[in-house]
Structure formats: structure tokens, C-alpha cells
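All remarks here apply to the structure that follows.
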Amino acid sequence: MRTLTVGTRKSLLALTQTNWVIEQLKKVRPDLTVQLEKIVTKGDKILNVTLSKVGGKGLFVKEIEQALLDGRIDLAVHSMKDLPGEMPTGLTIGSIPVRENPCDSLLSRDGRTLAQLPAGAVVGTSSLRRQAQILAYRPDLEVKPVRGNLDTRINKMKEGHFDAILLAQAGLARMGWQEEATEILSTDIMLPAVGQGALAIQCREDDHEVLALLLEIHHVETARAVKAERAFLQAFEGGCHLPLAAYAEVVGEEVRLTGLVAHPDGTKVIKGIKQGRDEKVIGQDLAAELKEQGAGQLLREVREGLVG
Ligand SMILES: NCc1[nH]cc(CCC(=O)O)c1CC(=O)O
């Protein structure tokens with residue numbers, strides 16, 4: 001097989017994820033040769049400003065997709081939760097490898113769990129999804145925005161800017177920093193972002209050589225779960241900056257999907273569960289059910305900046 005060029009963002013997490021994928025590929029094809037092509041995306045350039053204010057889906061993805069289309073790279077590893085619903089013609093997801101821990105974690109300065117944090121404690125997160133759910137559970141906490149890469153956020157907490165922060169356990173685990181988590185939050189308290197903990201490996205849809213290779217590390221159960229979660233998200237024309245969460249698991253032959261839409265201040269949580277064989281159908285059905293309870297209107301208000 002030809003030497004493959006793998007595109008990646010320059011952040012430590014992106015490099016770590018990409019190297020993990022290359023390792024998995026080499027397990028099945030020991031003779032595989034690859035070279036890395038580091039790409040700086042718009043999202044990386046503006047990490048220090050409020051992404052939700054800048055808007056724009058796929059801030060971390062666009063330049064990488066262009067490099068794939070131009071043939072400068074042959075495959076690219078994305079965090080599934082950062083990947084927009086629509087994909088440019090000519091590209092496809094060739095593989096969804098096995099999912100890491102999908103949960104969110106609380107990291108606190110003095111080792112206190114979420115239940116033990118005192119009233120008024122300051123929790124750092126810039127995610128409306130995390131903000132909404134943490135305030136629904138503990139309305140007495142204060143949420144403040146925090147930006148930057150994982151290590152930047154952890155350092156800001158340790159320096160005392162926050163009593164605690166919320167991060168995806170998957171990111172910590174991939175970096176080998178799982179011990180930094182004070183508490184892995186149950187999905188009952190903190191439902192994850194769509195696709196959280198999963199990776200998507202993107203390639204050109206006519207590159208059969210790469211497609212055959214990627215199939216070797218495809219994980220069918222993860223792919224089924226993510227398909228249900230993304231069908232739910234797409235029914236809301238959702239971006240990743242909305243107070244929307246979903247998590248699915250394979251149960252026997254079926255997939256069980258839990259989804260929610262919340263007011264950013266946590267005063268309202270619209271939540272439901274759907275189980276069935278067809279991932280797309282349960283995603284769409286659950287979205288329709290939550291819309292009947294006002295979820296569509298709530299998200300429109302968030303998008304238009306009326307609340308949040
Ligand atoms: N939004 C940024 C982002 N995109 C992917 C991860 C790592 C976890 C994952 O793969 O889902 C993170 C960090 C975080 O949210 O704490």
C-alpha cells in the first residue's frame with residue numbers, strides 16, 4: 001500500500017487521537033507507512049474568543065476537509081462531537097473506532113465531588129449543554145466561561161480561577177490524564193454531547209484502498225449509537241453549541257437513545273428515551289417527541305440569543 005498522509009490539527013489532543021488511530025491501523029497492517037500533515041484550523045486560531053459567539057459549525061473541520069478534497073492528505077481523524085452533520089460531496093466517514101468513555105467529568109480544586117461543592121462555588125464551562133445540566137442539578141452554583149485546550153483549562157482551575165471545571169472524560173483518558181478527574185458524572189446528571197468520546201475518520205469516498213483499511217478498525221456498536229445520536233441532533237438542525245445532549249447504547253439487537261434539550265439556565269429540561277432497531281428512526285422520533293414538549297421553540301430562542 002502507498003504511504004498515507006494523515007491530516008491532523010496541531011493541538012495535543014488532536015495529535016494524540018491521530019496517533020492512537022495510526023497505532024490501531026498498524027496493529028492490523030504492520031507494514032503500513034504514514035506521514036503526518038499538521039493543519040491549523042480557524043477554530044485553533046480563535047480558541048481564546050467565545051466560539052459560540054463567533055458561531056459557524058465545523059470551525060475545526062473545514063480546512064482539513066479541503067486538504068482531503070485537494071489530495072494533500074488521505075485521511076483525517078476528528079472528534080465526532082466536533083464534526084458537523086453535513087459533509088462536503090466527495091468525502092465520507094470511513095471508520096468510527098470503538099468509543100472512549102462518553103461521560104463528562106468534574107475536576108475540582110480541593111477534591112470535592114459535585115454534591116460536595118459549597119453553594120456559590122464557581123464552575124468553569126463554556127458549553128451551554130454542561131451549564132444547563134449542572135444548574136438543573138445544582139442551581140446554587142455559579143457557571144463561568146473557560147476557554148483553551150485541556151491543559152489550559154485544568155491550569156486555570158488549579159490557579160484558582162474556578163472551584164471546579166467540567167471536561168469530557170474521553171479527552172482526559174486519551175491524554176493519559178484520567179486521574180485528574182475528581183468525579184466521572186453519571187449520564188443521569190450530565191448527558192453527554194452527541195458523539196462524545198467517539199472519533200470519526202474521514203477520507204475521500206472514492207479512495208477504496210483507504211476505505212478497506214479503515215473498515216478494519218470500524219466498531220459497529222459505536223457507529224450505531226452515534227447514528228442515533230446524530231439523527232436526533234440533525235432533527236433540530238443543531239450545532240454543537242446548543243444546550244442539547246444525547247447518548248445511545250446498543251441493547252441486544254436494539255439501540256436505546258436518551259436525549260434532552262434544556263434552558264441554558266437549567267430551569268427547564270425536556271428529556272426522553274426511545275429504543276428500537278432503526279437508529280435514524282429512533283433519533284428522529286425522540287426529537288419529534290421533545291419538540292411536542294417545546295424543545296424546538298426553546299432551541300430557536302437560544303439560537304436567536306433571546307435566552308442563555
Ligand atoms: N469541545 C472540544 C472537545 N472535542 C472533543 C473533546 C474530547 C472528548 C471527545 O472526544 O468527545 C473535547 C474536549 C471537551 O469537550 O472537554
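Ordering of the C-alpha cells sets the chain letters (A, B, ...), residue numbers begin anew at 1 in every chain, and ligands are numbered from 1 in the order given.
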Per residue of segment 73-142 of chain A within 12 Å of segment 187-204 of chain A, record the nearest atom pair and its distance in Å to one decimal, counting only C-alpha atoms, with rows in chain order and ascending residue number, as CSV.
```
residue,atom,partner,partner_atom,distance
A:Ile73,CA,A:Cys203,CA,8.7
A:Asp74,CA,A:Cys203,CA,6.1
A:Leu75,CA,A:Cys203,CA,4.7
A:Ala76,CA,A:Gln202,CA,5.2
A:Val77,CA,A:Ile201,CA,4.6
A:His78,CA,A:Ala200,CA,5.2
A:Ser79,CA,A:Leu199,CA,4.7
A:Met80,CA,A:Leu199,CA,4.8
A:Lys81,CA,A:Gly195,CA,4.6
A:Asp82,CA,A:Gly195,CA,8.4
A:Leu83,CA,A:Ala200,CA,8.0
A:Pro84,CA,A:Val194,CA,10.7
A:Gly85,CA,A:Val194,CA,10.8
A:Met87,CA,A:Gln202,CA,9.8
A:Pro88,CA,A:Arg204,CA,10.0
A:Thr89,CA,A:Arg204,CA,9.1
A:Gly90,CA,A:Arg204,CA,5.7
A:Leu91,CA,A:Arg204,CA,4.4
A:Thr92,CA,A:Gln202,CA,5.6
A:Ile93,CA,A:Gln202,CA,4.4
A:Gly94,CA,A:Gln202,CA,5.7
A:Ser95,CA,A:Ile201,CA,5.2
A:Ile96,CA,A:Ala200,CA,5.0
A:Pro97,CA,A:Leu199,CA,6.3
A:Val98,CA,A:Ala198,CA,7.0
A:Arg99,CA,A:Ala198,CA,4.6
A:Glu100,CA,A:Gly197,CA,4.8
A:Asn101,CA,A:Gly197,CA,5.7
A:Pro102,CA,A:Gly197,CA,4.5
A:Cys103,CA,A:Pro192,CA,5.8
A:Asp104,CA,A:Pro192,CA,6.4
A:Ser105,CA,A:Met190,CA,8.9
A:Leu106,CA,A:Met190,CA,10.3
A:Leu114,CA,A:Ile189,CA,10.1
A:Ala115,CA,A:Ile189,CA,11.0
A:Ser127,CA,A:Ala193,CA,9.7
A:Leu128,CA,A:Ala193,CA,10.5
A:Arg129,CA,A:Ala193,CA,7.5
A:Arg130,CA,A:Met190,CA,7.0
A:Gln131,CA,A:Met190,CA,9.8
A:Ala132,CA,A:Met190,CA,9.3
A:Gln133,CA,A:Met190,CA,6.0
A:Ile134,CA,A:Met190,CA,7.2
A:Leu135,CA,A:Ile189,CA,10.4
A:Ala136,CA,A:Ile189,CA,8.8
A:Tyr137,CA,A:Ile189,CA,7.0
A:Arg138,CA,A:Ile189,CA,10.2
```
So that I have them on file, write out the residues from the current selection with N, CA and C atoms, as a tab-separated table (two decimals), in the first residue's frame.
```
chain	number	residue	atom	x	y	z
A	73	ILE	N	-3.97	15.35	1.82
A	73	ILE	CA	-3.97	14.31	2.85
A	73	ILE	C	-4.93	13.20	2.42
A	74	ASP	N	-4.75	12.01	3.00
A	74	ASP	CA	-5.57	10.85	2.61
A	74	ASP	C	-6.62	10.50	3.66
A	75	LEU	N	-6.35	10.84	4.90
A	75	LEU	CA	-7.35	10.62	5.92
A	75	LEU	C	-7.16	11.61	7.07
A	76	ALA	N	-8.22	11.80	7.83
A	76	ALA	CA	-8.18	12.76	8.93
A	76	ALA	C	-9.01	12.23	10.08
A	77	VAL	N	-8.52	12.45	11.28
A	77	VAL	CA	-9.20	11.97	12.49
A	77	VAL	C	-9.87	13.17	13.16
A	78	HIS	N	-11.17	13.06	13.37
A	78	HIS	CA	-11.92	14.13	14.04
A	78	HIS	C	-12.54	13.60	15.32
A	79	SER	N	-12.73	14.49	16.29
A	79	SER	CA	-13.64	14.16	17.39
A	79	SER	C	-15.04	14.17	16.81
A	80	MET	N	-15.76	13.09	16.99
A	80	MET	CA	-17.11	13.00	16.41
A	80	MET	C	-17.96	14.19	16.82
A	81	LYS	N	-17.81	14.65	18.05
A	81	LYS	CA	-18.72	15.70	18.51
A	81	LYS	C	-18.42	17.06	17.88
A	82	ASP	N	-17.25	17.20	17.26
A	82	ASP	CA	-16.93	18.45	16.57
A	82	ASP	C	-17.26	18.40	15.08
A	83	LEU	N	-17.73	17.26	14.62
A	83	LEU	CA	-17.97	17.07	13.19
A	83	LEU	C	-19.40	17.47	12.84
A	84	PRO	N	-19.58	18.43	11.92
A	84	PRO	CA	-20.92	18.87	11.56
A	84	PRO	C	-21.71	17.75	10.88
A	85	GLY	N	-23.02	17.89	10.87
A	85	GLY	CA	-23.90	16.88	10.28
A	85	GLY	C	-23.68	16.70	8.80
A	87	MET	N	-21.66	16.81	5.21
A	87	MET	CA	-20.29	16.61	4.79
A	87	MET	C	-20.17	17.00	3.32
A	88	PRO	N	-19.04	17.63	2.93
A	88	PRO	CA	-18.89	18.02	1.53
A	88	PRO	C	-18.96	16.80	0.61
A	89	THR	N	-19.51	17.00	-0.60
A	89	THR	CA	-19.55	15.91	-1.58
A	89	THR	C	-18.13	15.42	-1.84
A	90	GLY	N	-18.00	14.12	-1.92
A	90	GLY	CA	-16.69	13.54	-2.20
A	90	GLY	C	-16.01	13.00	-0.97
A	91	LEU	N	-16.52	13.37	0.21
A	91	LEU	CA	-15.91	12.87	1.44
A	91	LEU	C	-16.88	11.95	2.19
A	92	THR	N	-16.33	11.07	3.01
A	92	THR	CA	-17.16	10.17	3.79
A	92	THR	C	-16.46	9.82	5.10
A	93	ILE	N	-17.21	9.27	6.04
A	93	ILE	CA	-16.61	8.72	7.26
A	93	ILE	C	-16.31	7.25	6.98
A	94	GLY	N	-15.03	6.93	6.90
A	94	GLY	CA	-14.61	5.56	6.55
A	94	GLY	C	-14.59	4.64	7.75
A	95	SER	N	-14.54	5.23	8.95
A	95	SER	CA	-14.47	4.39	10.14
A	95	SER	C	-14.88	5.18	11.37
A	96	ILE	N	-15.59	4.51	12.26
A	96	ILE	CA	-15.86	5.01	13.60
A	96	ILE	C	-15.28	3.97	14.57
A	97	PRO	N	-14.10	4.25	15.14
A	97	PRO	CA	-13.50	3.26	16.04
A	97	PRO	C	-14.24	3.18	17.37
A	98	VAL	N	-13.83	2.21	18.18
A	98	VAL	CA	-14.52	1.97	19.46
A	98	VAL	C	-14.47	3.22	20.34
A	99	ARG	N	-15.59	3.49	21.00
A	99	ARG	CA	-15.76	4.71	21.76
A	99	ARG	C	-14.97	4.68	23.07
A	100	GLU	N	-14.42	5.82	23.42
A	100	GLU	CA	-13.84	6.03	24.75
A	100	GLU	C	-14.99	6.30	25.73
A	101	ASN	N	-14.67	6.50	27.00
A	101	ASN	CA	-15.68	6.87	27.98
A	101	ASN	C	-16.47	8.10	27.48
A	102	PRO	N	-17.79	8.00	27.35
A	102	PRO	CA	-18.58	9.10	26.79
A	102	PRO	C	-18.94	10.19	27.81
A	103	CYS	N	-18.65	9.95	29.09
A	103	CYS	CA	-19.16	10.83	30.15
A	103	CYS	C	-18.37	12.14	30.29
A	104	ASP	N	-19.00	13.08	30.96
A	104	ASP	CA	-18.31	14.30	31.38
A	104	ASP	C	-17.78	14.10	32.79
A	105	SER	N	-16.69	14.80	33.10
A	105	SER	CA	-16.10	14.71	34.42
A	105	SER	C	-16.03	16.07	35.09
A	106	LEU	N	-16.09	16.01	36.43
A	106	LEU	CA	-15.86	17.20	37.23
A	106	LEU	C	-14.44	17.13	37.77
A	114	LEU	N	-19.32	16.83	42.95
A	114	LEU	CA	-20.36	17.80	42.60
A	114	LEU	C	-21.31	18.03	43.79
A	115	ALA	N	-21.73	16.93	44.42
A	115	ALA	CA	-22.66	17.06	45.55
A	115	ALA	C	-22.02	17.80	46.73
A	127	SER	N	-19.74	25.43	27.72
A	127	SER	CA	-20.72	24.65	26.99
A	127	SER	C	-22.11	24.89	27.58
A	128	LEU	N	-23.04	25.33	26.73
A	128	LEU	CA	-24.41	25.57	27.21
A	128	LEU	C	-25.04	24.26	27.67
A	129	ARG	N	-24.64	23.17	27.06
A	129	ARG	CA	-25.15	21.85	27.47
A	129	ARG	C	-24.72	21.52	28.90
A	130	ARG	N	-23.44	21.73	29.19
A	130	ARG	CA	-22.96	21.43	30.55
A	130	ARG	C	-23.52	22.44	31.55
A	131	GLN	N	-23.56	23.70	31.15
A	131	GLN	CA	-24.09	24.74	32.03
A	131	GLN	C	-25.53	24.43	32.42
A	132	ALA	N	-26.36	24.10	31.43
A	132	ALA	CA	-27.79	23.85	31.68
A	132	ALA	C	-27.97	22.69	32.66
A	133	GLN	N	-27.23	21.62	32.45
A	133	GLN	CA	-27.44	20.43	33.28
A	133	GLN	C	-26.86	20.60	34.68
A	134	ILE	N	-25.74	21.30	34.78
A	134	ILE	CA	-25.14	21.48	36.11
A	134	ILE	C	-26.05	22.38	36.95
A	135	LEU	N	-26.65	23.40	36.29
A	135	LEU	CA	-27.53	24.30	37.02
A	135	LEU	C	-28.88	23.66	37.33
A	136	ALA	N	-29.31	22.72	36.48
A	136	ALA	CA	-30.56	22.00	36.78
A	136	ALA	C	-30.37	21.16	38.04
A	137	TYR	N	-29.18	20.61	38.21
A	137	TYR	CA	-28.90	19.75	39.36
A	137	TYR	C	-28.52	20.56	40.59
A	138	ARG	N	-27.76	21.64	40.39
A	138	ARG	CA	-27.28	22.48	41.49
A	138	ARG	C	-27.46	23.96	41.13
```
Polymer residues at most 12 Å from Ile22 of chain A, only C-alpha atoms, same-chain spacing of 4 or more positions, as an mmCIF file with C-alpha atoms, in the first residue's frame:
```cif
data_model
loop_
_atom_site.group_PDB
_atom_site.id
_atom_site.type_symbol
_atom_site.label_atom_id
_atom_site.label_comp_id
_atom_site.auth_asym_id
_atom_site.auth_seq_id
_atom_site.Cartn_x
_atom_site.Cartn_y
_atom_site.Cartn_z
ATOM 1 C CA LEU A 4 -0.658 7.552 3.578
ATOM 2 C CA THR A 5 -0.693 11.202 4.598
ATOM 3 C CA VAL A 6 -2.728 11.746 7.731
ATOM 4 C CA GLY A 7 -4.035 15.234 8.407
ATOM 5 C CA THR A 8 -4.373 16.452 11.970
ATOM 6 C CA LEU A 15 -2.205 14.675 17.773
ATOM 7 C CA THR A 16 -2.813 12.092 20.491
ATOM 8 C CA GLN A 17 -6.065 10.935 18.877
ATOM 9 C CA THR A 18 -4.449 10.748 15.466
ATOM 10 C CA LYS A 26 -0.688 -0.615 12.333
ATOM 11 C CA LYS A 27 -1.991 -3.439 14.514
ATOM 12 C CA VAL A 28 -3.996 -4.737 11.571
ATOM 13 C CA ARG A 29 -1.486 -3.684 8.868
ATOM 14 C CA PRO A 30 2.016 -3.854 10.390
ATOM 15 C CA ASP A 31 3.634 -2.775 7.105
ATOM 16 C CA LEU A 32 1.627 0.463 6.923
ATOM 17 C CA THR A 33 3.647 3.665 6.392
ATOM 18 C CA VAL A 34 2.190 7.079 7.215
ATOM 19 C CA GLN A 35 3.272 10.695 7.393
ATOM 20 C CA LEU A 36 1.612 13.439 9.429
ATOM 21 C CA LEU A 75 -7.354 10.622 5.925
ATOM 22 C CA ALA A 76 -8.178 12.763 8.932
ATOM 23 C CA VAL A 77 -9.196 11.972 12.487
ATOM 24 C CA PRO A 97 -13.499 3.256 16.038
ATOM 25 C CA ILE A 201 -12.058 9.009 10.397
ATOM 26 C CA LEU A 213 -8.087 -0.186 5.531
ATOM 27 C CA LEU A 214 -10.385 1.940 7.709
ATOM 28 C CA ILE A 217 -10.950 -0.581 12.851
#
```
Residue list (strand (DSSP E or B), DSSP) for segment 191-271 of chain A, as a compact mmCIF listing (two decimals) with C-alpha atoms, in the first residue's frame:
```
# COMPACT_ATOMS: atom_id res chain seq x y z
CA LEU A 199 -13.82 9.50 16.72
CA ALA A 200 -14.65 9.83 13.04
CA ILE A 201 -12.06 9.01 10.40
CA GLN A 202 -12.76 10.90 7.24
CA CYS A 203 -11.48 10.10 3.75
CA ARG A 204 -12.39 10.54 0.08
CA LEU A 244 -28.72 19.68 23.59
CA ALA A 245 -27.42 16.29 24.70
CA ALA A 246 -27.86 12.69 23.59
CA TYR A 247 -26.39 9.34 24.43
CA ALA A 248 -27.18 5.95 22.91
CA GLU A 249 -26.19 2.40 23.75
CA VAL A 250 -26.71 -0.89 21.98
CA VAL A 251 -29.01 -3.15 23.99
CA GLU A 254 -31.72 -2.58 19.63
CA VAL A 255 -30.36 0.88 20.34
CA ARG A 256 -31.55 2.86 23.37
CA LEU A 257 -31.29 6.61 22.97
CA THR A 258 -31.66 9.24 25.70
CA GLY A 259 -31.87 12.85 24.56
CA LEU A 260 -32.52 16.21 26.12
CA VAL A 261 -32.89 19.87 25.35
CA ALA A 262 -32.60 22.37 28.19
CA VAL A 269 -35.11 20.25 30.98
CA ILE A 270 -37.04 18.39 28.28
CA LYS A 271 -35.85 14.81 28.25
```
DSSP alpha helix (DSSP H) residues within segment 78-232 of chain A, as a short mmCIF file (atom, residue, chain, number, x, y, z; two decimals) with N, CA and C atoms, in the first residue's frame:
```
data_model
loop_
_atom_site.label_atom_id
_atom_site.label_comp_id
_atom_site.auth_asym_id
_atom_site.auth_seq_id
_atom_site.Cartn_x
_atom_site.Cartn_y
_atom_site.Cartn_z
N LEU A 128 -23.04 25.33 26.73
CA LEU A 128 -24.41 25.57 27.21
C LEU A 128 -25.04 24.26 27.67
N ARG A 129 -24.64 23.17 27.06
CA ARG A 129 -25.15 21.85 27.47
C ARG A 129 -24.72 21.52 28.90
N ARG A 130 -23.44 21.73 29.19
CA ARG A 130 -22.96 21.43 30.55
C ARG A 130 -23.52 22.44 31.55
N GLN A 131 -23.56 23.70 31.15
CA GLN A 131 -24.09 24.74 32.03
C GLN A 131 -25.53 24.43 32.42
N ALA A 132 -26.36 24.10 31.43
CA ALA A 132 -27.79 23.85 31.68
C ALA A 132 -27.97 22.69 32.66
N GLN A 133 -27.23 21.62 32.45
CA GLN A 133 -27.44 20.43 33.28
C GLN A 133 -26.86 20.60 34.68
N ILE A 134 -25.74 21.30 34.78
CA ILE A 134 -25.14 21.48 36.11
C ILE A 134 -26.05 22.38 36.95
N LEU A 135 -26.65 23.40 36.29
CA LEU A 135 -27.53 24.30 37.02
C LEU A 135 -28.88 23.66 37.33
N ALA A 136 -29.31 22.72 36.48
CA ALA A 136 -30.56 22.00 36.78
C ALA A 136 -30.37 21.16 38.04
N TYR A 137 -29.18 20.61 38.21
CA TYR A 137 -28.90 19.75 39.36
C TYR A 137 -28.52 20.56 40.59
N LEU A 150 -7.25 21.49 26.81
CA LEU A 150 -7.50 20.80 28.08
C LEU A 150 -6.55 21.26 29.19
N ASP A 151 -5.24 21.30 28.88
CA ASP A 151 -4.25 21.64 29.92
C ASP A 151 -4.41 23.08 30.38
N THR A 152 -4.76 23.97 29.46
CA THR A 152 -5.01 25.37 29.81
C THR A 152 -6.15 25.47 30.81
N ARG A 153 -7.23 24.75 30.52
CA ARG A 153 -8.41 24.80 31.40
C ARG A 153 -8.09 24.23 32.77
N ILE A 154 -7.38 23.11 32.79
CA ILE A 154 -7.04 22.48 34.07
C ILE A 154 -6.16 23.44 34.89
N ASN A 155 -5.20 24.09 34.23
CA ASN A 155 -4.33 25.02 34.94
C ASN A 155 -5.09 26.22 35.49
N LYS A 156 -6.04 26.72 34.71
CA LYS A 156 -6.84 27.86 35.18
C LYS A 156 -7.60 27.48 36.45
N MET A 157 -8.10 26.25 36.51
CA MET A 157 -8.79 25.78 37.71
C MET A 157 -7.80 25.68 38.87
N LYS A 158 -6.65 25.09 38.62
CA LYS A 158 -5.67 24.91 39.70
C LYS A 158 -5.13 26.24 40.21
N GLN A 169 -14.48 13.19 29.80
CA GLN A 169 -13.54 12.18 30.32
C GLN A 169 -12.73 11.57 29.17
N ALA A 170 -13.32 11.49 27.99
CA ALA A 170 -12.61 10.89 26.85
C ALA A 170 -11.33 11.64 26.52
N GLY A 171 -11.41 12.98 26.57
CA GLY A 171 -10.23 13.78 26.28
C GLY A 171 -9.13 13.52 27.31
N LEU A 172 -9.53 13.47 28.57
CA LEU A 172 -8.57 13.19 29.65
C LEU A 172 -7.96 11.80 29.46
N ALA A 173 -8.81 10.83 29.17
CA ALA A 173 -8.35 9.44 29.04
C ALA A 173 -7.35 9.32 27.88
N ARG A 174 -7.66 9.97 26.77
CA ARG A 174 -6.76 9.85 25.62
C ARG A 174 -5.41 10.46 25.90
N MET A 175 -5.40 11.50 26.74
CA MET A 175 -4.14 12.16 27.08
C MET A 175 -3.40 11.41 28.20
N HIS A 208 -10.82 3.65 -2.45
CA HIS A 208 -11.18 2.30 -1.98
C HIS A 208 -10.09 1.64 -1.15
N GLU A 209 -8.85 2.00 -1.45
CA GLU A 209 -7.74 1.43 -0.70
C GLU A 209 -7.81 1.87 0.77
N VAL A 210 -8.03 3.16 0.97
CA VAL A 210 -8.13 3.69 2.33
C VAL A 210 -9.42 3.19 3.01
N LEU A 211 -10.51 3.15 2.26
CA LEU A 211 -11.77 2.67 2.83
C LEU A 211 -11.65 1.24 3.35
N ALA A 212 -10.97 0.39 2.58
CA ALA A 212 -10.78 -1.01 3.00
C ALA A 212 -9.95 -1.08 4.28
N LEU A 213 -8.94 -0.23 4.34
CA LEU A 213 -8.09 -0.19 5.53
C LEU A 213 -8.90 0.27 6.75
N LEU A 214 -9.66 1.35 6.58
CA LEU A 214 -10.39 1.94 7.71
C LEU A 214 -11.46 1.00 8.26
N LEU A 215 -12.02 0.19 7.37
CA LEU A 215 -13.05 -0.76 7.78
C LEU A 215 -12.54 -1.70 8.87
N VAL A 220 -18.90 -1.43 15.04
CA VAL A 220 -20.30 -1.36 14.62
C VAL A 220 -21.20 -0.82 15.73
N GLU A 221 -20.97 -1.22 16.98
CA GLU A 221 -21.86 -0.77 18.06
C GLU A 221 -21.71 0.74 18.30
N THR A 222 -20.47 1.22 18.28
CA THR A 222 -20.27 2.67 18.43
C THR A 222 -20.96 3.41 17.28
N ALA A 223 -20.80 2.88 16.07
CA ALA A 223 -21.38 3.54 14.90
C ALA A 223 -22.91 3.59 14.99
N ARG A 224 -23.51 2.52 15.50
CA ARG A 224 -24.98 2.51 15.63
C ARG A 224 -25.43 3.56 16.66
N ALA A 225 -24.72 3.62 17.79
CA ALA A 225 -25.08 4.58 18.82
C ALA A 225 -24.95 6.01 18.30
N VAL A 226 -23.83 6.29 17.64
CA VAL A 226 -23.58 7.63 17.13
C VAL A 226 -24.61 8.01 16.06
N LYS A 227 -25.02 7.03 15.27
CA LYS A 227 -26.01 7.30 14.22
C LYS A 227 -27.33 7.77 14.83
N ALA A 228 -27.73 7.13 15.92
CA ALA A 228 -28.97 7.53 16.61
C ALA A 228 -28.82 8.93 17.20
N GLU A 229 -27.69 9.18 17.84
CA GLU A 229 -27.46 10.49 18.47
C GLU A 229 -27.45 11.61 17.41
N ARG A 230 -26.80 11.33 16.29
CA ARG A 230 -26.70 12.37 15.26
C ARG A 230 -28.02 12.58 14.52
N ALA A 231 -28.83 11.54 14.42
CA ALA A 231 -30.17 11.71 13.82
C ALA A 231 -31.00 12.63 14.71
N PHE A 232 -30.86 12.46 16.01
CA PHE A 232 -31.55 13.32 16.99
C PHE A 232 -31.09 14.76 16.81
#
```
What is the distance between atom CA of Gly120 of chain A and atom CA of Arg147 of chain A, in Å to one decimal?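 Result for atom CA of Gly120 of chain A versus atom CA of Arg147 of chain A: 20.9 Å, one decimal.
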For Gln284 of chain A, find every residue with an atom within 8 Å (counting only C-alpha atoms), except residues of its own chain fewer than 3 positions away, and show them as a ChimeraX atom specification. /A:231-232,235,280-281,287-288
Could you check which of A:Asn149, A:Asn19, A:Ser11, A:Thr41 is closest to ligand 1, using only C-alpha atoms and all ligand atoms?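 Of all the options, A:Asn149 lies closest to ligand 1.
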Considering only C-alpha atoms, return as a PyMOL selection string whatever protein or nucleic-acid residues lie within 10 Å of Ala119 of chain A, sequence-local ones (same chain, fewer than 3 positions apart) excluded. chain A and resi 116+122+138-142
Point-to-point distance from atom 6 (C, counted along the ligand's line) of ligand 1 to atom CA of Leu167 of chain A, Å rounded to tenths: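 Atom-to-atom, atom 6 (C, counted along the ligand's line) of ligand 1 to atom CA of Leu167 of chain A, that is 8.0 Å.
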One decimal, in Å: what's the spacing between atom 4 (N, counted along the ligand's line) of ligand 1 and atom CA of Thr3 of chain A?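 Spanning atom 4 (N, counted along the ligand's line) of ligand 1 to atom CA of Thr3 of chain A is a straight-line distance of 28.0 Å.
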